[in-house]
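Let me begin by presenting the structure, written as structure tokens, before commenting on it.
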Amino acid sequence: MTTIEFSFIPDADTDYQAIMDLMTDFKRETGIDVRLKRMEWDNAWPQLISIATQGQGADISHVGSTWVSSLMTMNALRAIPSHIVNKVGGEQAFVHSTWTNVITENDRLVYGIPLSAYVYIVAYRKDLLQQAKLNPVTAFATPAALEESVRCLEALHATQNAWLMPVVPHPFNDFVHMAVCWIWSSGGHILDNRGKQVLFNSPAALVGLKSFLRLLRRVPDTDYLGADECMNTLIQGKASAVITDARALNAAIQNKAPDIENIGAASLMSIPWSGGGSMIVWRHTHGYPDRLEASYKLIDFMVRKQTMMDLANSCYALPSRTDALDELFPPDHTLRPVMLQLISTGRSYRPIALWHRIEHQFGVELGTVAMKLMKDPNLDLDSTVEEAMESLAYRLNLTLG
């Protein structure tokens, strides 16, 4: 009997239990034994680098969607054969923004298969949005509209906090993933067309970043506030509108949270950031044909529509397959508009070799600026942001050449 090692990074304990149950189903179907190795988001990257550099460890791994490009350029992966790609449905079967994370820009070779999607949303209390005379279709679509909507909700004085958004600093990259929604929806970009220069200090990017940080400053000073906590505060009637994630709202809907019929959802900006997780097969696994074949069979099993539906129903994971999303979120579902926006305009980062370094340094700098501004209400926002982004762009562009 073939045995393979599969490393997985759960968002919660329920995720890990769901994967363990699926591995039992997989063994029953194929006879392949899967040794599951748990990693955590805050320390998985060094472990993955160890596998990549030492050429030993897990045969197949679940990794952050933005990490695939860095791993492929380290020569730690090999392209997935076309017959495997075709068997799982190919590009057309998946949310486009999840697929762009696993391919090379030039030759379009596939180095991973998307397993899950992730998207931030704005959840709001419908009655208060109506009182403020705000249209949910347009109220959160642009940076300017979102700032104006928050001002209108604040004027109602209806809740303890008119506006909340996650405060999740380094080593996590939540600030980065949220802020790019503001940058893109302001007409800015992260990189130039060649992928050789960062553009954090461009006028359009600065407009978006300043708007993002102005709204972050409206959140009560705290060192940490998660998406789940934002969602819970909204449900408790202590906030008018919040940034959370699709998973948190879907969980609240499925669990019939109090007053859930009064909670609406909208996409965070007209160009939302799309993240998630992907499955990769390590280069060293190719030296063991039986384990390689077993790894491909595991990918096929994990990215089936039914498996994604099972994961969504057991732990609210957001599928990367469009057919699974369509079935999970029918036309009358609160999250349906968000899913349509994700599929049509959702965007991820370009798969360049040094992306992980860029993402890391941007996250550290943005987190430092954010915490300074939250703790010192008198600190000038415009000059603080401009100076920080100018310095960051200079340092990174020296590296990128």
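Letters A, B, ... go to the chains of the structure tokens in the order shown; residues in each chain start at 1; ligands are counted from 1 in the same order.
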Checklist entry - Among stretch 191-374 of chain A, which residues carry a DSSP assignment of helix (DSSP H, G or I), reported as a VMD selection string? => result chain A and resid 203 to 216 227 to 235 246 to 254 260 to 262 283 to 287 289 to 302 305 to 315 322 to 328 336 to 345 355 to 374
Proximity of stretch 40-154 of chain A to stretch 293-301 of chain A: per-residue shortest pair, 9 Å limit, only C-alpha atoms, as a tab-separated table:
```
residue	atom	partner	partner_atom	distance
A:Asp59	CA	A:Ser295	CA	7.0
A:Ile60	CA	A:Ser295	CA	6.2
A:Ile80	CA	A:Tyr296	CA	8.8
A:Ile84	CA	A:Tyr296	CA	7.3
A:Lys87	CA	A:Asp300	CA	7.6
A:Val88	CA	A:Asp300	CA	6.0
A:Ile113	CA	A:Ile299	CA	7.6
A:Leu115	CA	A:Ile299	CA	8.7
```
Next, dump the selected residues to file, keeping only N, CA and C atoms, as an mmCIF file, in the first residue's frame.
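And here is the file that came out, again_10.cif:
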```cif
data_model
loop_
_atom_site.group_PDB
_atom_site.id
_atom_site.type_symbol
_atom_site.label_atom_id
_atom_site.label_comp_id
_atom_site.auth_asym_id
_atom_site.auth_seq_id
_atom_site.Cartn_x
_atom_site.Cartn_y
_atom_site.Cartn_z
ATOM 1 N N ASP A 59 5.095 15.017 0.443
ATOM 2 C CA ASP A 59 5.024 14.754 -0.995
ATOM 3 C C ASP A 59 4.152 15.789 -1.690
ATOM 4 N N ILE A 60 3.134 16.232 -0.991
ATOM 5 C CA ILE A 60 2.149 17.155 -1.544
ATOM 6 C C ILE A 60 1.743 18.116 -0.434
ATOM 7 N N ILE A 80 2.515 20.608 -13.453
ATOM 8 C CA ILE A 80 1.580 19.496 -13.393
ATOM 9 C C ILE A 80 1.226 19.067 -14.819
ATOM 10 N N ILE A 84 -3.503 15.737 -16.162
ATOM 11 C CA ILE A 84 -4.038 15.931 -14.814
ATOM 12 C C ILE A 84 -4.834 17.239 -14.758
ATOM 13 N N LYS A 87 -8.077 16.745 -16.462
ATOM 14 C CA LYS A 87 -8.968 15.879 -15.706
ATOM 15 C C LYS A 87 -9.730 16.639 -14.626
ATOM 16 N N VAL A 88 -9.088 17.618 -14.011
ATOM 17 C CA VAL A 88 -9.769 18.372 -12.948
ATOM 18 C C VAL A 88 -10.596 19.530 -13.496
ATOM 19 N N ILE A 113 -2.923 23.459 -8.192
ATOM 20 C CA ILE A 113 -4.356 23.454 -8.472
ATOM 21 C C ILE A 113 -5.069 24.142 -7.313
ATOM 22 N N LEU A 115 -7.461 25.022 -4.428
ATOM 23 C CA LEU A 115 -8.348 24.231 -3.576
ATOM 24 C C LEU A 115 -9.461 25.090 -2.981
#
```
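Of the residues under consideration (A:Ala12, A:Leu199, A:Ala239, A:Met23), A:Leu199 shows the shortest atom-to-atom contact distance to A:Ile358 when counting only C-alpha atoms.
Closest approach to A:Ser61 among A:Asp127, A:Asp382, A:Glu5, A:Asp192 is made by A:Glu5 (distances from only C-alpha atoms).
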Checklist outcome for this item: Taken to one decimal, the atom CA of A:Leu77-atom CA of A:Trp282 distance is 5.0 Å
Next on the checklist: Can you measure atom CA of A:Gly64 to atom CA of A:Ser82 for me? One decimal in Å is fine.
Outcome noted: 22.5 Å
Item to check | Near-stretch 97-106 of chain A list (7 Å; only C-alpha atoms; drop same-chain fewer than 3 positions) as a PyMOL selection string | outcome: chain A and resi 65-66+68-69+91+94+109-114+117+274-275+320+346-348+351
Write a file of the just-selected residues containing N, CA, C and O atoms, as a PDB file, in the first residue's frame.
```pdb
ATOM      1  N   SER A  65      -2.169  30.778  -1.579  1.00  0.00           N
ATOM      2  CA  SER A  65      -2.247  30.979  -3.035  1.00  0.00           C
ATOM      3  C   SER A  65      -1.124  31.870  -3.563  1.00  0.00           C
ATOM      4  O   SER A  65      -0.630  31.654  -4.674  1.00  0.00           O
ATOM      5  N   THR A  66      -0.695  32.853  -2.773  1.00  0.00           N
ATOM      6  CA  THR A  66       0.325  33.787  -3.258  1.00  0.00           C
ATOM      7  C   THR A  66       1.736  33.223  -3.146  1.00  0.00           C
ATOM      8  O   THR A  66       2.696  33.863  -3.577  1.00  0.00           O
ATOM      9  N   VAL A  68       2.781  30.175  -4.376  1.00  0.00           N
ATOM     10  CA  VAL A  68       3.138  29.228  -5.434  1.00  0.00           C
ATOM     11  C   VAL A  68       4.210  29.792  -6.352  1.00  0.00           C
ATOM     12  O   VAL A  68       5.156  29.097  -6.732  1.00  0.00           O
ATOM     13  N   SER A  69       4.101  31.062  -6.718  1.00  0.00           N
ATOM     14  CA  SER A  69       5.056  31.648  -7.667  1.00  0.00           C
ATOM     15  C   SER A  69       6.468  31.626  -7.110  1.00  0.00           C
ATOM     16  O   SER A  69       7.427  31.333  -7.833  1.00  0.00           O
ATOM     17  N   GLU A  91      -8.514  25.513 -16.492  1.00  0.00           N
ATOM     18  CA  GLU A  91      -8.738  26.896 -16.060  1.00  0.00           C
ATOM     19  C   GLU A  91     -10.211  27.278 -15.992  1.00  0.00           C
ATOM     20  O   GLU A  91     -10.654  27.986 -15.079  1.00  0.00           O
ATOM     21  N   PHE A  94     -12.388  26.917 -12.693  1.00  0.00           N
ATOM     22  CA  PHE A  94     -12.039  27.586 -11.438  1.00  0.00           C
ATOM     23  C   PHE A  94     -12.255  29.098 -11.521  1.00  0.00           C
ATOM     24  O   PHE A  94     -12.264  29.678 -12.609  1.00  0.00           O
ATOM     25  N   LEU A 109       2.389  27.440 -17.899  1.00  0.00           N
ATOM     26  CA  LEU A 109       2.475  26.129 -17.281  1.00  0.00           C
ATOM     27  C   LEU A 109       1.810  26.171 -15.900  1.00  0.00           C
ATOM     28  O   LEU A 109       1.861  27.189 -15.201  1.00  0.00           O
ATOM     29  N   VAL A 110       1.227  25.061 -15.505  1.00  0.00           N
ATOM     30  CA  VAL A 110       0.462  24.994 -14.256  1.00  0.00           C
ATOM     31  C   VAL A 110       1.295  24.303 -13.187  1.00  0.00           C
ATOM     32  O   VAL A 110       1.748  23.174 -13.372  1.00  0.00           O
ATOM     33  N   TYR A 111       1.492  24.967 -12.053  1.00  0.00           N
ATOM     34  CA  TYR A 111       2.320  24.431 -10.975  1.00  0.00           C
ATOM     35  C   TYR A 111       1.525  24.100  -9.713  1.00  0.00           C
ATOM     36  O   TYR A 111       2.096  23.680  -8.711  1.00  0.00           O
ATOM     37  N   GLY A 112       0.246  24.306  -9.737  1.00  0.00           N
ATOM     38  CA  GLY A 112      -0.603  23.982  -8.599  1.00  0.00           C
ATOM     39  C   GLY A 112      -2.054  23.973  -9.039  1.00  0.00           C
ATOM     40  O   GLY A 112      -2.385  24.426 -10.148  1.00  0.00           O
ATOM     41  N   ILE A 113      -2.923  23.459  -8.192  1.00  0.00           N
ATOM     42  CA  ILE A 113      -4.356  23.454  -8.472  1.00  0.00           C
ATOM     43  C   ILE A 113      -5.069  24.142  -7.313  1.00  0.00           C
ATOM     44  O   ILE A 113      -4.874  23.771  -6.151  1.00  0.00           O
ATOM     45  N   PRO A 114      -5.882  25.157  -7.584  1.00  0.00           N
ATOM     46  CA  PRO A 114      -6.578  25.865  -6.502  1.00  0.00           C
ATOM     47  C   PRO A 114      -7.531  24.946  -5.741  1.00  0.00           C
ATOM     48  O   PRO A 114      -8.299  24.203  -6.347  1.00  0.00           O
ATOM     49  N   ALA A 117     -10.990  29.381  -2.262  1.00  0.00           N
ATOM     50  CA  ALA A 117     -10.947  30.818  -2.530  1.00  0.00           C
ATOM     51  C   ALA A 117     -11.115  31.558  -1.207  1.00  0.00           C
ATOM     52  O   ALA A 117     -11.522  30.973  -0.195  1.00  0.00           O
ATOM     53  N   SER A 274      -8.580  38.460  -4.265  1.00  0.00           N
ATOM     54  CA  SER A 274      -8.987  37.066  -4.163  1.00  0.00           C
ATOM     55  C   SER A 274      -7.798  36.227  -3.724  1.00  0.00           C
ATOM     56  O   SER A 274      -6.762  36.204  -4.387  1.00  0.00           O
ATOM     57  N   GLY A 275      -7.932  35.553  -2.597  1.00  0.00           N
ATOM     58  CA  GLY A 275      -6.874  34.686  -2.103  1.00  0.00           C
ATOM     59  C   GLY A 275      -7.335  33.246  -2.034  1.00  0.00           C
ATOM     60  O   GLY A 275      -8.180  32.814  -2.810  1.00  0.00           O
ATOM     61  N   SER A 320     -13.011  26.908  -4.782  1.00  0.00           N
ATOM     62  CA  SER A 320     -12.369  27.597  -5.907  1.00  0.00           C
ATOM     63  C   SER A 320     -13.034  27.248  -7.233  1.00  0.00           C
ATOM     64  O   SER A 320     -12.759  27.891  -8.251  1.00  0.00           O
ATOM     65  N   GLY A 346     -12.661  39.737  -9.510  1.00  0.00           N
ATOM     66  CA  GLY A 346     -11.688  39.413  -8.473  1.00  0.00           C
ATOM     67  C   GLY A 346     -10.278  39.351  -9.046  1.00  0.00           C
ATOM     68  O   GLY A 346     -10.071  38.910 -10.175  1.00  0.00           O
ATOM     69  N   ARG A 347      -9.322  39.794  -8.264  1.00  0.00           N
ATOM     70  CA  ARG A 347      -7.949  39.885  -8.763  1.00  0.00           C
ATOM     71  C   ARG A 347      -6.974  39.387  -7.699  1.00  0.00           C
ATOM     72  O   ARG A 347      -7.221  39.542  -6.503  1.00  0.00           O
ATOM     73  N   SER A 348      -5.901  38.771  -8.142  1.00  0.00           N
ATOM     74  CA  SER A 348      -4.833  38.379  -7.237  1.00  0.00           C
ATOM     75  C   SER A 348      -3.536  39.019  -7.712  1.00  0.00           C
ATOM     76  O   SER A 348      -3.533  39.827  -8.646  1.00  0.00           O
ATOM     77  N   PRO A 351       2.164  36.425 -10.572  1.00  0.00           N
ATOM     78  CA  PRO A 351       3.038  35.330 -10.120  1.00  0.00           C
ATOM     79  C   PRO A 351       4.500  35.550 -10.506  1.00  0.00           C
ATOM     80  O   PRO A 351       5.033  34.896 -11.398  1.00  0.00           O
TER      81      PRO A 351
END
```
Next on the checklist: Which residues are close to A:Val168, i.e. within 7 Å by only C-alpha atoms, leaving aside same-chain residues fewer than 6 positions away? Reply as a PyMOL selection string.
Outcome noted: chain A and resi 174-175+224-226
Selection from above, all heavy atoms, as an mmCIF file, in the first residue's frame, can you write it?
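File written: part-v8.cif
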```cif
data_model
loop_
_atom_site.group_PDB
_atom_site.id
_atom_site.type_symbol
_atom_site.label_atom_id
_atom_site.label_comp_id
_atom_site.auth_asym_id
_atom_site.auth_seq_id
_atom_site.Cartn_x
_atom_site.Cartn_y
_atom_site.Cartn_z
ATOM 1 N N ASP A 174 -2.952 40.412 6.287
ATOM 2 C CA ASP A 174 -4.322 40.890 6.084
ATOM 3 C C ASP A 174 -4.369 42.351 5.664
ATOM 4 O O ASP A 174 -5.189 42.732 4.820
ATOM 5 C CB ASP A 174 -5.142 40.694 7.365
ATOM 6 C CG ASP A 174 -5.324 39.229 7.717
ATOM 7 O OD1 ASP A 174 -4.302 38.530 7.850
ATOM 8 O OD2 ASP A 174 -6.472 38.776 7.861
ATOM 9 N N PHE A 175 -3.511 43.194 6.259
ATOM 10 C CA PHE A 175 -3.482 44.601 5.855
ATOM 11 C C PHE A 175 -3.179 44.730 4.360
ATOM 12 O O PHE A 175 -3.785 45.540 3.655
ATOM 13 C CB PHE A 175 -2.431 45.374 6.656
ATOM 14 C CG PHE A 175 -2.869 45.780 8.034
ATOM 15 C CD1 PHE A 175 -1.936 45.947 9.052
ATOM 16 C CD2 PHE A 175 -4.201 46.012 8.325
ATOM 17 C CE1 PHE A 175 -2.331 46.330 10.327
ATOM 18 C CE2 PHE A 175 -4.608 46.394 9.590
ATOM 19 C CZ PHE A 175 -3.664 46.550 10.598
ATOM 20 N N TYR A 224 -5.315 43.804 17.954
ATOM 21 C CA TYR A 224 -5.808 42.717 17.114
ATOM 22 C C TYR A 224 -7.334 42.718 17.092
ATOM 23 O O TYR A 224 -7.985 42.861 18.123
ATOM 24 C CB TYR A 224 -5.322 41.352 17.623
ATOM 25 C CG TYR A 224 -5.738 40.204 16.726
ATOM 26 C CD1 TYR A 224 -4.927 39.809 15.666
ATOM 27 C CD2 TYR A 224 -6.953 39.542 16.909
ATOM 28 C CE1 TYR A 224 -5.320 38.773 14.824
ATOM 29 C CE2 TYR A 224 -7.350 38.516 16.062
ATOM 30 C CZ TYR A 224 -6.525 38.141 15.030
ATOM 31 O OH TYR A 224 -6.917 37.138 14.182
ATOM 32 N N LEU A 225 -7.884 42.570 15.893
ATOM 33 C CA LEU A 225 -9.323 42.429 15.715
ATOM 34 C C LEU A 225 -9.532 41.575 14.468
ATOM 35 O O LEU A 225 -9.241 42.005 13.357
ATOM 36 C CB LEU A 225 -9.990 43.805 15.543
ATOM 37 C CG LEU A 225 -11.509 43.805 15.363
ATOM 38 C CD1 LEU A 225 -12.198 43.311 16.634
ATOM 39 C CD2 LEU A 225 -12.011 45.197 14.991
ATOM 40 N N GLY A 226 -10.014 40.356 14.653
ATOM 41 C CA GLY A 226 -10.154 39.431 13.539
ATOM 42 C C GLY A 226 -11.447 39.612 12.768
ATOM 43 O O GLY A 226 -12.389 40.268 13.226
#
```
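The shell of residues at most 8 Å from A:Val122, with only C-alpha atoms counted and near chain neighbours (fewer than 6 positions) removed, consists of A:Phe140, A:Ala241, A:Val242, A:Ile243, A:Thr244, A:Asp245, A:Ala265, A:Ala266, A:Ser267, A:Leu268.
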Item to check | Distance query stretch 154-162 of chain A at most 12 Å, only C-alpha atoms, self and fewer than 5 positions along chain excluded, as an MDAnalysis selection string | outcome: chainID A and resid 123:125 127:133 147:149 215 218:220 230 233:243
Generate the output file for the selected residues, N, CA and C atoms, as an mmCIF file, in the first residue's frame.
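Generated output (result21.cif):
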```
data_model
loop_
_atom_site.group_PDB
_atom_site.id
_atom_site.type_symbol
_atom_site.label_atom_id
_atom_site.label_comp_id
_atom_site.auth_asym_id
_atom_site.auth_seq_id
_atom_site.Cartn_x
_atom_site.Cartn_y
_atom_site.Cartn_z
ATOM 1 N N ALA A 123 -20.078 43.473 5.308
ATOM 2 C CA ALA A 123 -21.370 43.041 5.843
ATOM 3 C C ALA A 123 -21.992 44.227 6.582
ATOM 4 N N TYR A 124 -23.291 44.373 6.468
ATOM 5 C CA TYR A 124 -23.928 45.573 7.020
ATOM 6 C C TYR A 124 -25.332 45.229 7.516
ATOM 7 N N ARG A 125 -25.840 46.107 8.376
ATOM 8 C CA ARG A 125 -27.212 45.972 8.853
ATOM 9 C C ARG A 125 -28.134 46.687 7.865
ATOM 10 N N ASP A 127 -31.269 47.551 7.884
ATOM 11 C CA ASP A 127 -32.131 48.631 8.353
ATOM 12 C C ASP A 127 -31.373 49.944 8.480
ATOM 13 N N LEU A 128 -30.118 49.866 8.929
ATOM 14 C CA LEU A 128 -29.346 51.098 9.107
ATOM 15 C C LEU A 128 -28.881 51.656 7.762
ATOM 16 N N LEU A 129 -28.567 50.776 6.820
ATOM 17 C CA LEU A 129 -28.197 51.257 5.483
ATOM 18 C C LEU A 129 -29.385 51.973 4.851
ATOM 19 N N GLN A 130 -30.572 51.449 5.087
ATOM 20 C CA GLN A 130 -31.776 52.082 4.555
ATOM 21 C C GLN A 130 -32.015 53.425 5.237
ATOM 22 N N GLN A 131 -31.843 53.484 6.555
ATOM 23 C CA GLN A 131 -32.013 54.752 7.270
ATOM 24 C C GLN A 131 -31.047 55.817 6.752
ATOM 25 N N ALA A 132 -29.835 55.379 6.405
ATOM 26 C CA ALA A 132 -28.828 56.318 5.904
ATOM 27 C C ALA A 132 -29.015 56.630 4.430
ATOM 28 N N LYS A 133 -30.058 56.029 3.826
ATOM 29 C CA LYS A 133 -30.377 56.241 2.405
ATOM 30 C C LYS A 133 -29.196 55.871 1.494
ATOM 31 N N GLU A 147 -15.942 55.709 2.073
ATOM 32 C CA GLU A 147 -15.721 56.728 3.114
ATOM 33 C C GLU A 147 -16.990 57.529 3.366
ATOM 34 N N GLU A 148 -17.695 57.889 2.297
ATOM 35 C CA GLU A 148 -18.936 58.648 2.452
ATOM 36 C C GLU A 148 -20.003 57.810 3.153
ATOM 37 N N SER A 149 -20.077 56.525 2.834
ATOM 38 C CA SER A 149 -21.056 55.646 3.471
ATOM 39 C C SER A 149 -20.789 55.532 4.967
ATOM 40 N N LEU A 215 -9.951 55.034 7.029
ATOM 41 C CA LEU A 215 -11.030 54.214 7.570
ATOM 42 C C LEU A 215 -10.529 53.321 8.705
ATOM 43 N N ARG A 218 -10.663 54.859 12.052
ATOM 44 C CA ARG A 218 -11.965 54.966 12.704
ATOM 45 C C ARG A 218 -12.222 53.786 13.649
ATOM 46 N N VAL A 219 -11.418 52.754 13.542
ATOM 47 C CA VAL A 219 -11.562 51.576 14.400
ATOM 48 C C VAL A 219 -10.945 51.881 15.760
ATOM 49 N N PRO A 220 -11.598 51.509 16.857
ATOM 50 C CA PRO A 220 -11.003 51.739 18.186
ATOM 51 C C PRO A 220 -9.607 51.132 18.272
ATOM 52 N N CYS A 230 -15.226 40.935 14.012
ATOM 53 C CA CYS A 230 -15.991 41.995 13.332
ATOM 54 C C CYS A 230 -17.402 41.508 13.023
ATOM 55 N N THR A 233 -19.543 41.245 16.179
ATOM 56 C CA THR A 233 -19.954 42.568 16.669
ATOM 57 C C THR A 233 -21.130 43.099 15.862
ATOM 58 N N LEU A 234 -21.106 42.858 14.558
ATOM 59 C CA LEU A 234 -22.215 43.279 13.700
ATOM 60 C C LEU A 234 -23.497 42.546 14.085
ATOM 61 N N ILE A 235 -23.412 41.235 14.257
ATOM 62 C CA ILE A 235 -24.584 40.439 14.599
ATOM 63 C C ILE A 235 -25.163 40.857 15.952
ATOM 64 N N GLN A 236 -24.300 41.244 16.868
ATOM 65 C CA GLN A 236 -24.747 41.680 18.195
ATOM 66 C C GLN A 236 -25.373 43.069 18.181
ATOM 67 N N GLY A 237 -25.370 43.717 17.028
ATOM 68 C CA GLY A 237 -25.959 45.040 16.927
ATOM 69 C C GLY A 237 -25.073 46.151 17.441
ATOM 70 N N LYS A 238 -23.767 45.874 17.589
ATOM 71 C CA LYS A 238 -22.832 46.870 18.105
ATOM 72 C C LYS A 238 -22.053 47.569 17.000
ATOM 73 N N ALA A 239 -22.338 47.228 15.739
ATOM 74 C CA ALA A 239 -21.698 47.881 14.599
ATOM 75 C C ALA A 239 -22.718 48.002 13.478
ATOM 76 N N SER A 240 -22.527 48.994 12.638
ATOM 77 C CA SER A 240 -23.446 49.212 11.510
ATOM 78 C C SER A 240 -22.971 48.505 10.246
ATOM 79 N N ALA A 241 -21.661 48.523 10.008
ATOM 80 C CA ALA A 241 -21.073 47.862 8.840
ATOM 81 C C ALA A 241 -19.653 47.459 9.205
ATOM 82 N N VAL A 242 -19.201 46.338 8.656
ATOM 83 C CA VAL A 242 -17.864 45.837 8.982
ATOM 84 C C VAL A 242 -17.245 45.186 7.753
ATOM 85 N N ILE A 243 -15.925 45.139 7.748
ATOM 86 C CA ILE A 243 -15.242 44.247 6.826
ATOM 87 C C ILE A 243 -15.052 42.918 7.545
#
```
Which residues of stretch 257-313 of chain A have any atom within 12 Å of an atom in stretch 41-50 of chain A when counting only C-alpha atoms, and what is the closest pair of atoms for each, with the distance in Å to one decimal? Order the rows by chain and rising number and write it as a tab-separated table.
```
residue	atom	partner	partner_atom	distance
A:Gly276	CA	A:Trp41	CA	11.9
A:Gly277	CA	A:Trp41	CA	11.1
A:Ile280	CA	A:Leu48	CA	11.1
A:Val281	CA	A:Leu48	CA	11.9
A:Trp282	CA	A:Leu48	CA	10.0
```
Next on the checklist: Can you pull out the residues contacting A:Thr345? Cut-off 8 Å, using only C-alpha atoms, and skip same-chain residues under 5 positions away; I want them as an MDAnalysis selection string.
Outcome noted: chainID A and resid 270:272
Next on the checklist: What parts of stretch 139-261 of chain A does DSSP call strand (DSSP E)? I'd like the answer as JSON, numbers by chain.
Outcome noted: {"A": [161, 162, 163, 164, 239, 240, 241, 242, 243, 244, 245]}
Those same residues, written as a PDB file, in the first residue's frame with C-alpha atoms?
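Final output, result36.pdb:
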```
ATOM      1  CA  ASN A 161     -19.252  51.412  16.279  1.00  0.00           C
ATOM      2  CA  ALA A 162     -20.512  52.612  12.925  1.00  0.00           C
ATOM      3  CA  TRP A 163     -17.565  50.944  11.223  1.00  0.00           C
ATOM      4  CA  LEU A 164     -15.146  48.119  12.009  1.00  0.00           C
ATOM      5  CA  ALA A 239     -21.698  47.881  14.599  1.00  0.00           C
ATOM      6  CA  SER A 240     -23.446  49.212  11.510  1.00  0.00           C
ATOM      7  CA  ALA A 241     -21.073  47.862   8.840  1.00  0.00           C
ATOM      8  CA  VAL A 242     -17.864  45.837   8.982  1.00  0.00           C
ATOM      9  CA  ILE A 243     -15.242  44.247   6.826  1.00  0.00           C
ATOM     10  CA  THR A 244     -15.234  40.519   7.403  1.00  0.00           C
ATOM     11  CA  ASP A 245     -14.804  37.534   5.112  1.00  0.00           C
TER      12      ASP A 245
END
```
Next on the checklist: What's the separation between atom CA of A:Asp326 and atom CA of A:Trp184, in Å to one decimal place?
Outcome noted: 26.0 Å
